[in-house]
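Taking it in order: structure first as structure tokens, then the write-up.
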Amino acid sequence: MDMETKEGMKKYVSQVAEKNKWILNKDQQTFNDLIDGLVDNKKKFNYQSCPCRLASGKRDLDRDLICPCDYAPLDIKEYGACYCNLYLSHNFYEKGVDFIIVPERRPVAKENAVLAYLNQKT
Amino acid sequence: MSVEDLIKKLVKEVDGEKAIEENVIVFTLSTCMWCKKCKNFLNESSMKYKYIDVDKIDPVDKAKIIEYLKNKYQTRVSYPFLICESGHVVGYNPEKYKELLKG
């Protein structure tokens with residue numbers, strides 16, 4: 001599976017969704033934008049970092065953001081969607097909404113570590 | 001160079017019919033679907049605005065801008081991060097945009 005292509009990335013996220021008993025966002029524009037973002041990040045960093053968060057480019061610091069991110073299971077359980085709304089709970093569309101804004105669950109300490117890393121690059 | 005000057009240097013301008021005095025700047029990620037929705041909202045509102053794709057800039061400039069936003073607005077930084085004369089909105093929130101940008 002070549003995750004640097006749209007088709008490969010779509011296959012990957014479909015497998016992730018199936019394995020976790022989630023569904024994928026049904027809005028084609030949103031879905032394709034998310035796939036494009038994941039493919040861009042995969043090409044840039046060599047890992048599919050969450051497209052809706054700023055990655056550092058250092059794998060160790062971004063490990064929790066590799067899609068599916070560490071926060072997706074809890075967010076989907078609590079809100080019915082991951083932070084990006086790529087993965088959704090099975091009953092998501094029963095709520096009658098197209099998308100939901102999921103609060104950031106990533107610990108601030110991890111963001112601060114990224115900031116410190118970026119500052120070192122002077 | 002001050003961070004304000006750095007921001008002025010890095011912003012890209014999008015022209016629109018509605019040049020309200022709000023001086024809208026939105027900090028975005030080029031990969032982010034929420035950021036695309038935010039830009040679409042501004043485009044569809046014919047709003048004149050500026051933006052910076054934070055993931056596309058130099059790492060040191062990234063750090064300076066994130067620290068600046070964090071300190072000035074006393075909030076954690078996520079994207080899209082919209083600022084204007086009347087306030088700021090962290091994350092995609094069309095209802096808040098409508099409130100802030102009704103001029």
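Every chain in the structure tokens takes a letter, A first, then B, and so on in the order presented; its residues are numbered from 1, and the ligands are numbered from 1 following the presented order.
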Problem set entry | Which of region 3-102 of chain B DSSP labels strand (DSSP E or B), written as a PyMOL selection string | chain B and resi 12-14+18+24-28+47+49-53+81-84+87-90
Atoms kept (N, CA and C atoms) for selection, written as a CSV table (one decimal), in the first residue's frame:
chain,number,residue,atom,x,y,z
B,12,LYS,N,-0.1,36.4,3.3
B,12,LYS,CA,-0.6,36.5,1.9
B,12,LYS,C,-2.0,37.1,1.9
B,13,GLU,N,-2.2,38.0,1.0
B,13,GLU,CA,-3.5,38.7,1.0
B,13,GLU,C,-4.5,38.1,0.0
B,14,VAL,N,-5.7,38.1,0.5
B,14,VAL,CA,-6.8,37.6,-0.4
B,14,VAL,C,-7.8,38.8,-0.5
B,18,LYS,N,-15.6,43.0,0.5
B,18,LYS,CA,-15.9,43.6,1.8
B,18,LYS,C,-14.6,43.8,2.5
B,24,VAL,N,-8.6,41.3,9.1
B,24,VAL,CA,-8.6,39.9,9.5
B,24,VAL,C,-7.3,39.2,9.0
B,25,ILE,N,-6.7,38.5,10.0
B,25,ILE,CA,-5.6,37.6,9.7
B,25,ILE,C,-5.9,36.2,10.2
B,26,VAL,N,-5.7,35.2,9.4
B,26,VAL,CA,-6.0,33.9,9.9
B,26,VAL,C,-4.7,33.0,9.7
B,27,PHE,N,-4.3,32.4,10.8
B,27,PHE,CA,-3.2,31.5,10.8
B,27,PHE,C,-3.7,30.1,10.6
B,28,THR,N,-3.2,29.4,9.5
B,28,THR,CA,-3.7,28.2,9.1
B,28,THR,C,-2.6,27.1,8.8
B,47,MET,N,-14.9,38.5,1.9
B,47,MET,CA,-14.1,39.2,2.9
B,47,MET,C,-12.7,39.4,2.5
B,49,TYR,N,-9.0,39.4,3.5
B,49,TYR,CA,-8.3,38.9,4.6
B,49,TYR,C,-6.9,38.5,4.3
B,50,LYS,N,-6.1,38.3,5.3
B,50,LYS,CA,-4.7,37.8,5.1
B,50,LYS,C,-4.5,36.5,5.8
B,51,TYR,N,-3.6,35.7,5.3
B,51,TYR,CA,-3.4,34.4,6.0
B,51,TYR,C,-1.9,34.0,6.0
B,52,ILE,N,-1.5,33.2,6.9
B,52,ILE,CA,-0.2,32.5,6.9
B,52,ILE,C,-0.4,31.0,7.1
B,53,ASP,N,0.1,30.3,6.1
B,53,ASP,CA,0.1,28.8,6.3
B,53,ASP,C,1.3,28.5,7.2
B,81,PHE,N,-6.6,29.9,13.4
B,81,PHE,CA,-6.5,30.9,14.5
B,81,PHE,C,-6.8,32.2,13.8
B,82,LEU,N,-8.0,32.7,14.0
B,82,LEU,CA,-8.4,33.9,13.3
B,82,LEU,C,-8.3,35.1,14.3
B,83,ILE,N,-7.7,36.2,13.9
B,83,ILE,CA,-7.6,37.4,14.7
B,83,ILE,C,-8.2,38.6,13.9
B,84,CYS,N,-8.9,39.5,14.5
B,84,CYS,CA,-9.4,40.7,13.9
B,84,CYS,C,-9.5,41.7,15.0
B,87,GLY,N,-11.6,40.8,18.1
B,87,GLY,CA,-11.3,39.6,18.9
B,87,GLY,C,-10.6,38.5,18.2
B,88,HIS,N,-10.7,37.3,18.7
B,88,HIS,CA,-10.0,36.2,18.1
B,88,HIS,C,-10.8,34.9,18.2
B,89,VAL,N,-10.6,34.0,17.3
B,89,VAL,CA,-11.4,32.7,17.4
B,89,VAL,C,-10.3,31.6,17.1
B,90,VAL,N,-10.3,30.7,18.1
B,90,VAL,CA,-9.4,29.5,17.9
B,90,VAL,C,-10.2,28.4,17.5
For this session: Enumerate as a PyMOL selection string all residues of chain B assigned to alpha helix (DSSP H) by DSSP on the backbone, naming them with the chain letters and numbers the document uses.
Result: chain B and resi 3-10+33-44+59-73+94-100
For this session: With a cut-off of 7 Å and counting only C-alpha atoms, select all residues of chain A in contact with chain B and give the selection as an NGL selection string.
Result: :A and (30 or 33-34 or 37 or 51-52 or 54 or 115 or 118-119 or 121-122)
Go ahead and dump the residues you just picked, C-alpha atoms, as a short mmCIF file (atom, residue, chain, number, x, y, z; two decimals), in the first residue's frame.
data_model
loop_
_atom_site.label_atom_id
_atom_site.label_comp_id
_atom_site.auth_asym_id
_atom_site.auth_seq_id
_atom_site.Cartn_x
_atom_site.Cartn_y
_atom_site.Cartn_z
CA THR A 30 -14.10 17.00 3.55
CA ASP A 33 -9.28 17.34 1.81
CA LEU A 34 -8.29 15.17 4.78
CA GLY A 37 -3.49 16.57 3.97
CA PRO A 51 -3.38 17.08 9.00
CA CYS A 52 -5.25 19.36 11.43
CA LEU A 54 1.11 21.31 13.44
CA LEU A 115 7.88 24.70 20.50
CA LEU A 118 11.47 24.53 16.86
CA ASN A 119 13.28 27.18 18.91
CA LYS A 121 16.63 25.27 15.16
CA THR A 122 18.06 28.80 15.27
#
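Distances from A:Ala113, A:Ile76, A:Leu38, A:Ile100 to Tyr12 (chain A) were compared using only C-alpha atoms, and the smallest one belongs to A:Leu38.
The space between CA of Gln48 (chain A) and CA of Lys56 (chain B) spans 16.6 Å.
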For this session: May I ask for the distance between CA of Thr5 (chain A) and CA of Lys19 (chain A), given in Å to one decimal place?
Result: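 Atom-to-atom, CA of Thr5 (chain A) and CA of Lys19 (chain A) are spaced 21.2 Å apart.
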Exercise. How many Å lie between CA of Cys84 (chain A) and CA of Val13 (chain A), rounded to one decimal?
Worked result: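 Result for CA of Cys84 (chain A) versus CA of Val13 (chain A): 12.8 Å, one decimal.
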Exercise. Taking into account only C-alpha atoms, which residue in the set B:Ser45, B:Leu10, B:Leu69, B:Gln74 is nearest to Lys102 (chain B)?
Worked result: B:Ser45
Might you pull out every residue within 12 Å of Lys43 (chain A), with only C-alpha atoms counted and same-chain residues fewer than 6 positions away left off, and present them as a PDB file with N, CA and C atoms, in the first residue's frame?
ATOM      1  N   ASP A   2       0.770   2.051  -1.059  1.00  0.00           N
ATOM      2  CA  ASP A   2       1.604   3.255  -1.149  1.00  0.00           C
ATOM      3  C   ASP A   2       0.835   4.439  -0.560  1.00  0.00           C
ATOM      4  N   MET A   3       1.187   4.782   0.669  1.00  0.00           N
ATOM      5  CA  MET A   3       0.442   5.840   1.353  1.00  0.00           C
ATOM      6  C   MET A   3       0.827   7.239   0.891  1.00  0.00           C
ATOM      7  N   GLU A   4       1.726   7.304  -0.081  1.00  0.00           N
ATOM      8  CA  GLU A   4       2.039   8.622  -0.661  1.00  0.00           C
ATOM      9  C   GLU A   4       1.119   8.924  -1.840  1.00  0.00           C
ATOM     10  N   THR A   5       0.174   8.012  -2.092  1.00  0.00           N
ATOM     11  CA  THR A   5      -0.837   8.282  -3.124  1.00  0.00           C
ATOM     12  C   THR A   5      -2.194   8.394  -2.444  1.00  0.00           C
ATOM     13  N   LYS A   6      -3.095   9.102  -3.101  1.00  0.00           N
ATOM     14  CA  LYS A   6      -4.445   9.265  -2.530  1.00  0.00           C
ATOM     15  C   LYS A   6      -5.129   7.908  -2.370  1.00  0.00           C
ATOM     16  N   MET A   9      -3.666   6.006   0.543  1.00  0.00           N
ATOM     17  CA  MET A   9      -4.075   6.582   1.831  1.00  0.00           C
ATOM     18  C   MET A   9      -5.536   6.266   2.121  1.00  0.00           C
ATOM     19  N   ASP A  36      -5.869  14.425   1.227  1.00  0.00           N
ATOM     20  CA  ASP A  36      -4.795  15.247   0.644  1.00  0.00           C
ATOM     21  C   ASP A  36      -3.804  15.696   1.733  1.00  0.00           C
ATOM     22  N   GLY A  37      -4.343  16.113   2.865  1.00  0.00           N
ATOM     23  CA  GLY A  37      -3.491  16.573   3.971  1.00  0.00           C
ATOM     24  C   GLY A  37      -2.614  15.446   4.502  1.00  0.00           C
ATOM     25  N   SER A  49       1.230  12.276   9.665  1.00  0.00           N
ATOM     26  CA  SER A  49       0.859  13.082  10.821  1.00  0.00           C
ATOM     27  C   SER A  49      -0.528  13.703  10.620  1.00  0.00           C
ATOM     28  N   GLY A  57       7.957  17.625  12.713  1.00  0.00           N
ATOM     29  CA  GLY A  57       8.862  17.011  11.734  1.00  0.00           C
ATOM     30  C   GLY A  57       9.817  16.037  12.397  1.00  0.00           C
TER      31      GLY A  57
ATOM     32  N   THR B  31      -2.536  21.806   5.256  1.00  0.00           N
ATOM     33  CA  THR B  31      -3.084  20.445   5.195  1.00  0.00           C
ATOM     34  C   THR B  31      -4.428  20.299   5.916  1.00  0.00           C
TER      35      THR B  31
END
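Close contacts of Ser56 (chain A), defined as residues with an atom at most 8 Å away when counting only C-alpha atoms, with chain neighbours fewer than 6 positions off set aside, comprise Asp62, Val114, Tyr117 and Leu118 of chain A.
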Exercise. Can you tell me, as a PyMOL selection string, what residues are no more than 10 Å from Leu86 (chain A) when counting only C-alpha atoms, ignoring any on the same chain fewer than 4 positions away?
Worked result: (chain A and resi 13+17+22-27+30-35+67-68+72+81-82+99) or (chain B and resi 33)
Could you turn the residues from that selection into a file that holds N, CA and C atoms, as an mmCIF file, in the first residue's frame?
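Output below, filename part16.cif:
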data_model
loop_
_atom_site.group_PDB
_atom_site.id
_atom_site.type_symbol
_atom_site.label_atom_id
_atom_site.label_comp_id
_atom_site.auth_asym_id
_atom_site.auth_seq_id
_atom_site.Cartn_x
_atom_site.Cartn_y
_atom_site.Cartn_z
ATOM 1 N N VAL A 13 -6.803 4.364 5.521
ATOM 2 C CA VAL A 13 -7.774 4.863 6.506
ATOM 3 C C VAL A 13 -9.025 3.968 6.551
ATOM 4 N N ALA A 17 -10.382 2.301 9.935
ATOM 5 C CA ALA A 17 -11.781 2.451 10.353
ATOM 6 C C ALA A 17 -12.411 1.081 10.596
ATOM 7 N N TRP A 22 -15.046 1.979 13.299
ATOM 8 C CA TRP A 22 -15.443 3.368 13.075
ATOM 9 C C TRP A 22 -15.940 3.458 11.636
ATOM 10 N N ILE A 23 -16.521 4.617 11.284
ATOM 11 C CA ILE A 23 -16.830 4.879 9.872
ATOM 12 C C ILE A 23 -16.029 6.104 9.437
ATOM 13 N N LEU A 24 -15.957 6.302 8.118
ATOM 14 C CA LEU A 24 -15.226 7.451 7.584
ATOM 15 C C LEU A 24 -16.204 8.581 7.267
ATOM 16 N N ASN A 25 -15.694 9.789 7.284
ATOM 17 C CA ASN A 25 -16.517 10.952 6.967
ATOM 18 C C ASN A 25 -17.142 10.793 5.576
ATOM 19 N N LYS A 26 -18.446 10.995 5.502
ATOM 20 C CA LYS A 26 -19.150 10.735 4.238
ATOM 21 C C LYS A 26 -19.169 11.946 3.302
ATOM 22 N N ASP A 27 -18.784 13.106 3.820
ATOM 23 C CA ASP A 27 -18.761 14.294 2.960
ATOM 24 C C ASP A 27 -17.508 14.209 2.066
ATOM 25 N N THR A 30 -14.839 17.054 2.272
ATOM 26 C CA THR A 30 -14.103 16.998 3.545
ATOM 27 C C THR A 30 -13.156 15.799 3.546
ATOM 28 N N PHE A 31 -13.679 14.645 3.142
ATOM 29 C CA PHE A 31 -12.878 13.423 3.131
ATOM 30 C C PHE A 31 -11.649 13.583 2.231
ATOM 31 N N ASN A 32 -11.865 14.098 1.028
ATOM 32 C CA ASN A 32 -10.740 14.255 0.100
ATOM 33 C C ASN A 32 -9.726 15.281 0.602
ATOM 34 N N ASP A 33 -10.210 16.352 1.237
ATOM 35 C CA ASP A 33 -9.277 17.341 1.813
ATOM 36 C C ASP A 33 -8.414 16.688 2.890
ATOM 37 N N LEU A 34 -9.056 15.845 3.714
ATOM 38 C CA LEU A 34 -8.295 15.169 4.776
ATOM 39 C C LEU A 34 -7.276 14.197 4.187
ATOM 40 N N ILE A 35 -7.673 13.471 3.164
ATOM 41 C CA ILE A 35 -6.749 12.536 2.507
ATOM 42 C C ILE A 35 -5.577 13.307 1.899
ATOM 43 N N CYS A 67 -1.610 9.377 12.342
ATOM 44 C CA CYS A 67 -3.002 8.974 12.118
ATOM 45 C C CYS A 67 -3.158 7.447 12.057
ATOM 46 N N PRO A 68 -4.048 6.835 12.852
ATOM 47 C CA PRO A 68 -4.974 7.478 13.771
ATOM 48 C C PRO A 68 -4.240 7.954 15.030
ATOM 49 N N ALA A 72 -7.709 9.682 19.138
ATOM 50 C CA ALA A 72 -8.901 9.344 18.349
ATOM 51 C C ALA A 72 -9.862 8.405 19.104
ATOM 52 N N ALA A 81 -16.460 11.642 17.096
ATOM 53 C CA ALA A 81 -15.570 11.975 15.976
ATOM 54 C C ALA A 81 -14.160 12.213 16.495
ATOM 55 N N CYS A 82 -13.175 11.935 15.639
ATOM 56 C CA CYS A 82 -11.808 12.308 16.000
ATOM 57 C C CYS A 82 -11.641 13.810 15.769
ATOM 58 N N PHE A 99 -20.719 17.979 10.897
ATOM 59 C CA PHE A 99 -19.404 17.928 11.534
ATOM 60 C C PHE A 99 -19.527 18.356 12.983
ATOM 61 N N MET B 33 -8.223 20.568 7.068
ATOM 62 C CA MET B 33 -9.554 20.685 6.486
ATOM 63 C C MET B 33 -10.354 21.811 7.157
#
For this session: Point out the residue among A:Asp60, A:Val39, A:Met1, A:Gly80 with the least atom-to-atom distance to Tyr93 (chain A), counting only C-alpha atoms.
Result: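 Selected residue with least distance to Tyr93 (chain A): A:Gly80.
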